[in-house]
Amino acid sequence: MITVGAGVGALLAAGVWMTVSAWLRCMRPSVVARVQPYIRDVRPELQVARGTRWQQRVLEAADRLLGGHASVDRRLSRLGTGGGSVEAFRLGQLIWAACGFATATAAAMAAWATGGGNVASLLSACVLGAVGGAFACDQHLTSRVGRRERQLREELPVAADLLALAVAAGESPVVGLERVCRIMHGVLADEITDVLGDVRTGTSVVDAFDVMGARTGVPSIARFAEGLAVALERGTPLVDVLHAQAADARESARRDLIEEGGRREIAMMFPVVFLLLPVTVIFAFYPGYVGLHVA
């Protein structure tokens, strides 16, 4: 009880200290807050709400604490326009950590009410709940990236064939890409739409495809973008290049499917060995066992 009282007192003291310090800062406005009313017409970007500044500070502190800024930024860029910013991801990660902490705290309080565990183990469980929530949010982002990359690999052969048909019919590569975007609906169509947006703003087709290959992070997409860039730059027959890219993508998908089947075959041995085989042995020997005991 003394330890619990000391912990509650420390939390109360920390809350009072944070409240008083925030009140003192509010009573003493900064230079920016005093000058803002006079320059808001010429510098509108300085009109940042106090809550926004506090939120930015909290997110920056969370980013420094959790680390991995470059990794998160790279995975969010692979998600395309739906990835969002690192700050938004950190905010979601804090929410996941708070949910994990609340769940672990509820379980710890229930265990404490029933007389199980000591204070140190229950506090450790609460901390582990928060860490687990943050880690689960990071793993969720990784799974989203993996799912999107699989969709890109699956849609690549269809897009390459459609573009090859459009170019063989006499259309330019840019017009063919527009036709592909009108026909297809998926993540690869969104990436091609971004490429067309870059081309319309003045970026060359070669540079736009290079950026798409680096952004997606999928080897087959990178080879597809590189092949298109080389064909457009050196004048290689584009239809042959596109058909070769589609065949290469299908061959890569076939190899991935065979590898996945090999892994699943090994996983299927577990229910066979530990479930079906014992049941078969029991059905084979149990009637003889019963007959011997009856006789």
# chains A, B, ... in the order shown; residues from 1 in each chain; ligands from 1

$ residues_around --residues "segment 186-190 of chain A" --least-positions-apart "4" --cutoff "7 Å" --atoms "only C-alpha atoms" --output "VMD selection string"
chain A and resid 151 to 152 155 181 194

$ write_last_selection --atoms "C-alpha atoms" --output "mmCIF file, in the first residue's frame"
data_model
loop_
_atom_site.group_PDB
_atom_site.id
_atom_site.type_symbol
_atom_site.label_atom_id
_atom_site.label_comp_id
_atom_site.auth_asym_id
_atom_site.auth_seq_id
_atom_site.Cartn_x
_atom_site.Cartn_y
_atom_site.Cartn_z
ATOM 1 C CA GLN A 151 -1.424 -5.903 -55.539
ATOM 2 C CA LEU A 152 1.121 -4.015 -57.637
ATOM 3 C CA GLU A 155 -1.719 -5.844 -61.684
ATOM 4 C CA CYS A 181 -5.825 4.432 -66.193
ATOM 5 C CA ASP A 194 0.743 10.071 -60.439
#

$ residues_around --residues "Ser85 of chain A" --least-positions-apart "2" --cutoff "12 Å" --atoms "only C-alpha atoms" --output "list in words"
Leu59, His69, Ala70, Val72, Asp73, Arg74, Arg75, Leu76, Ser77, Arg78, Leu79, Gly80, Thr81, Gly82, Gly83, Glu87, Ala88, Phe89, Arg90, Leu91 and Gly92 of chain A
